[in-house]
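Participant: Sharing a structure below in structure tokens format, with a few things to ask.
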Amino acid sequence: DTVSRLVQTLRVKMVLLGSSGVGKSSLASRFGRDEFRSTSPTVGCAYLTQVVHLNDVTLRFEIWDTAGQEKYHSVTPLYYRGAHVALLVYDITQRETFLRAQVWLRELEKQYIPGSTVIWLVGNKGDLAHDRKVSAQEGQSLASNGGLYFTETSALSGDQVNELLQSVAHRVYECIG
Ligand code: GDP
Ligand code: MG
């Protein structure tokens, strides 16, 4: 069955968007190596890959992470152009990151990402429930109203991180497979 897998590898560009500090790089590390690392500012775009096997295909995720340009509101559309998946990440303990996610959403919907792109709203830092400022219901509502998908994760504990990637893989396969 190795042969059929080789001929059915789909390349999937997945970009991480969201405010500085919400945990994008931490999630990317989890996806790429299933481990949590505190990250420091680096120069240039980080790029990780992760392979997900579904029943009859292999999805090769190319995971794009910013180097902190979002801090200066200077993420170029080139970054997310052609993306099959955009993970729109906010921090459940920082309300303004949730509002910022909505600004991102409007920008994505405006022109750069075609309707077939899977946009996934991700409420990260789920482990900090005691400090929660955005309810899961609010996240779910925003997603439902915009035709998005929604998951809460913790890049710290790893909770729901693999599940998220698996769900994204299934959805992407339905869209582009
Ligand atoms: P980015 O700017 O969006 O790439 O965010 P980072 O991945 O650099 O994370 C920013 C800070 O939040 C770091 O100190 C991380 O250790 C921390 N962090 C990231 N994800 C989580 C999480 O799920 N829970 C908690 N408690 N801290 C997190
Ligand atoms: Mg980062």
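FYI, nothing fancy with the structure tokens labels: chains A, B, ... in order, residues from 1 per chain, ligands from 1 as they appear.
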Taking only residues of range 79-112 of chain A that have an atom at most 8 Å from an atom of range 133-142 of chain A, what is each one's shortest atom pair and its distance in Å to one decimal, using only C-alpha atoms, in chain and number order, as a tab-separated table?
Facilitator:
residue	atom	partner	partner_atom	distance
A:Ile92	CA	A:Val134	CA	5.1
A:Thr93	CA	A:Lys133	CA	4.8
A:Gln94	CA	A:Lys133	CA	6.2
A:Arg95	CA	A:Lys133	CA	5.7
A:Phe98	CA	A:Val134	CA	7.5
Participant: Counting only C-alpha atoms and all ligand atoms, what are the residues, protein, DNA or RNA alike, that approach ligand 1 to within 7 Å? I want them as a list of chain:residue names.
Facilitator: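 Residues satisfying the distance criterion: A:Gly18, A:Ser19, A:Ser20, A:Gly21, A:Val22, A:Gly23, A:Lys24, A:Ser25, A:Ser26, A:Leu27, A:Arg37, A:Ser38, A:Thr39, A:Ser40, A:Gly68, A:Asn124, A:Lys125, A:Gly126, A:Asp127, A:Leu128, A:Thr153, A:Ser154, A:Ala155, A:Leu156, A:Ser157.
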Participant: As an exercise, work out the distance from CA of Val15 in chain A to CA of Arg132 in chain A in Å and give it to one decimal place.
Facilitator: 25.3 Å
Participant: For Tyr47 in chain A, work out the shell of residues within 12 Å, counting only C-alpha atoms and skipping chain neighbours fewer than 2 positions away, then give it as a PyMOL selection string.
Facilitator: chain A and resi 13-16+25+28-29+31-32+44-45+49-50+61-67+79
Participant: Produce a file of the selected residues containing C-alpha atoms, as a compact mmCIF listing (two decimals), in the first residue's frame.
Facilitator:
# COMPACT_ATOMS: atom_id res chain seq x y z
CA LYS A 13 -0.32 24.90 2.81
CA MET A 14 -1.45 25.87 6.28
CA VAL A 15 -0.77 29.32 7.70
CA LEU A 16 -0.97 30.53 11.28
CA SER A 25 4.69 29.25 17.24
CA ALA A 28 3.41 25.00 15.15
CA SER A 29 6.06 23.28 17.25
CA PHE A 31 2.25 20.06 15.11
CA GLY A 32 5.75 19.59 13.81
CA GLY A 44 12.19 35.25 8.69
CA CYS A 45 9.29 32.91 8.28
CA THR A 49 6.14 20.07 7.81
CA GLN A 50 3.95 17.33 9.16
CA PHE A 61 1.19 19.84 5.66
CA GLU A 62 3.47 22.78 5.07
CA ILE A 63 2.96 24.84 8.19
CA TRP A 64 3.87 28.51 7.89
CA ASP A 65 4.56 30.52 11.00
CA THR A 66 5.38 34.22 11.16
CA ALA A 67 8.52 35.58 12.75
CA TYR A 79 2.26 34.93 3.49
Participant: How would you write, as a PyMOL selection string, the set of residues in range 15-137 of chain A that DSSP gives as strand (DSSP E or B)?
Facilitator: chain A and resi 15-18+46-53+58-65+85-91+118-124
Participant: Selection from above, C-alpha atoms, as a CSV table (one decimal), in the first residue's frame, can you write it?
Facilitator:
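Saved to out-v8.csv:
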chain,number,residue,atom,x,y,z
A,15,VAL,CA,-0.8,29.3,7.7
A,16,LEU,CA,-1.0,30.5,11.3
A,17,LEU,CA,-2.5,33.9,11.8
A,18,GLY,CA,-3.3,35.9,15.0
A,46,ALA,CA,9.3,29.6,10.1
A,47,TYR,CA,8.3,26.6,8.1
A,48,LEU,CA,7.5,23.2,9.4
A,49,THR,CA,6.1,20.1,7.8
A,50,GLN,CA,4.0,17.3,9.2
A,51,VAL,CA,2.5,14.3,7.4
A,52,VAL,CA,-1.0,13.1,8.2
A,53,HIS,CA,-2.2,9.8,6.8
A,58,THR,CA,-1.2,11.3,2.6
A,59,LEU,CA,-1.5,14.9,3.4
A,60,ARG,CA,1.8,16.7,3.6
A,61,PHE,CA,1.2,19.8,5.7
A,62,GLU,CA,3.5,22.8,5.1
A,63,ILE,CA,3.0,24.8,8.2
A,64,TRP,CA,3.9,28.5,7.9
A,65,ASP,CA,4.6,30.5,11.0
A,85,VAL,CA,-6.0,26.3,5.5
A,86,ALA,CA,-5.7,29.3,7.8
A,87,LEU,CA,-5.6,28.8,11.5
A,88,LEU,CA,-6.9,32.0,13.1
A,89,VAL,CA,-5.5,31.8,16.6
A,90,TYR,CA,-6.5,33.9,19.6
A,91,ASP,CA,-5.8,33.6,23.3
A,118,VAL,CA,-10.6,26.2,5.3
A,119,ILE,CA,-10.5,28.8,8.0
A,120,TRP,CA,-10.3,27.4,11.5
A,121,LEU,CA,-10.8,29.5,14.6
A,122,VAL,CA,-8.5,28.4,17.4
A,123,GLY,CA,-8.9,29.5,21.0
A,124,ASN,CA,-5.6,28.7,22.5
Participant: Which residue out of A:Leu108, A:Arg100, A:Asn145, A:Arg30 has the minimum interatomic distance to Gln160 in chain A when only C-alpha atoms are used?
Facilitator: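 Closest residue, counting only C-alpha atoms: A:Arg30.
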Participant: Please indicate the distance in Å from CA of Thr9 in chain A to CA of Asp159 in chain A, rounded to one decimal place.
Facilitator: 27.5 Å
Participant: Restricting the calculation to only C-alpha atoms and all ligand atoms: of A:Gln69, A:Asn55, A:Arg81, A:Arg11, which residue gets closest to ligand 2?
Facilitator: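 For ligand 2, the nearest of the given residues is A:Gln69.
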Participant: Based on DSSP run over this structure's backbone, return all residues of range 32-174 of chain A in helix (DSSP H, G or I), as a ChimeraX atom specification.
Facilitator: /A:32-33,69-72,77-80,95-112,126-131,136-146,161-174
Participant: I need the chosen residues saved as an mmCIF file, in the first residue's frame, with C-alpha atoms.
Facilitator:
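again_30.cif was written with the following content:
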data_model
loop_
_atom_site.group_PDB
_atom_site.id
_atom_site.type_symbol
_atom_site.label_atom_id
_atom_site.label_comp_id
_atom_site.auth_asym_id
_atom_site.auth_seq_id
_atom_site.Cartn_x
_atom_site.Cartn_y
_atom_site.Cartn_z
ATOM 1 C CA GLY A 32 5.747 19.594 13.812
ATOM 2 C CA ARG A 33 7.283 17.606 16.616
ATOM 3 C CA GLN A 69 5.564 40.486 11.880
ATOM 4 C CA GLU A 70 2.031 40.503 13.280
ATOM 5 C CA LYS A 71 3.365 42.582 16.167
ATOM 6 C CA TYR A 72 3.792 45.424 13.685
ATOM 7 C CA PRO A 77 -0.677 38.883 1.925
ATOM 8 C CA LEU A 78 2.028 36.811 0.217
ATOM 9 C CA TYR A 79 2.259 34.927 3.486
ATOM 10 C CA TYR A 80 -1.231 33.532 3.267
ATOM 11 C CA ARG A 95 -10.065 39.549 24.768
ATOM 12 C CA GLU A 96 -8.373 41.903 22.304
ATOM 13 C CA THR A 97 -6.818 38.925 20.517
ATOM 14 C CA PHE A 98 -10.334 37.627 19.885
ATOM 15 C CA LEU A 99 -11.340 40.995 18.431
ATOM 16 C CA ARG A 100 -8.184 41.050 16.356
ATOM 17 C CA ALA A 101 -9.065 37.603 14.994
ATOM 18 C CA GLN A 102 -12.281 39.110 13.673
ATOM 19 C CA VAL A 103 -10.293 41.796 11.863
ATOM 20 C CA TRP A 104 -8.125 39.080 10.327
ATOM 21 C CA LEU A 105 -11.211 37.226 9.286
ATOM 22 C CA ARG A 106 -12.614 40.193 7.390
ATOM 23 C CA GLU A 107 -9.267 40.679 5.676
ATOM 24 C CA LEU A 108 -9.080 37.043 4.647
ATOM 25 C CA GLU A 109 -12.628 37.052 3.354
ATOM 26 C CA LYS A 110 -12.138 40.326 1.469
ATOM 27 C CA GLN A 111 -9.987 39.020 -1.331
ATOM 28 C CA TYR A 112 -6.947 36.968 -0.617
ATOM 29 C CA GLY A 126 -7.303 26.502 27.215
ATOM 30 C CA ASP A 127 -5.254 25.445 30.245
ATOM 31 C CA LEU A 128 -5.678 28.972 31.671
ATOM 32 C CA ALA A 129 -9.405 28.515 32.273
ATOM 33 C CA HIS A 130 -9.261 30.453 35.554
ATOM 34 C CA ASP A 131 -8.177 33.518 33.581
ATOM 35 C CA ALA A 136 -16.133 28.861 24.315
ATOM 36 C CA GLN A 137 -19.674 29.825 23.319
ATOM 37 C CA GLU A 138 -18.445 33.130 21.880
ATOM 38 C CA GLY A 139 -15.786 31.357 19.874
ATOM 39 C CA GLN A 140 -18.295 28.844 18.617
ATOM 40 C CA SER A 141 -20.760 31.584 17.654
ATOM 41 C CA LEU A 142 -18.200 33.569 15.719
ATOM 42 C CA ALA A 143 -17.199 30.418 13.879
ATOM 43 C CA SER A 144 -20.765 29.342 13.131
ATOM 44 C CA ASN A 145 -21.765 32.779 11.875
ATOM 45 C CA GLY A 146 -18.757 32.974 9.580
ATOM 46 C CA VAL A 161 -3.683 19.821 19.320
ATOM 47 C CA ASN A 162 -3.428 16.497 17.504
ATOM 48 C CA GLU A 163 -7.195 16.310 17.307
ATOM 49 C CA LEU A 164 -7.185 19.703 15.618
ATOM 50 C CA LEU A 165 -4.694 18.611 12.977
ATOM 51 C CA GLN A 166 -6.669 15.433 12.301
ATOM 52 C CA SER A 167 -9.921 17.375 11.962
ATOM 53 C CA VAL A 168 -8.269 19.907 9.668
ATOM 54 C CA ALA A 169 -6.865 17.074 7.560
ATOM 55 C CA HIS A 170 -10.305 15.543 7.100
ATOM 56 C CA ARG A 171 -11.871 18.864 6.206
ATOM 57 C CA VAL A 172 -9.122 19.787 3.764
ATOM 58 C CA TYR A 173 -9.360 16.430 2.110
ATOM 59 C CA GLU A 174 -13.069 16.997 1.553
#
Participant: To one decimal place, how far is CA of Ala83 in chain A from CA of Val12 in chain A in Å?
Facilitator: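 One can read the CA of Ala83 in chain A to CA of Val12 in chain A distance as 7.6 Å.
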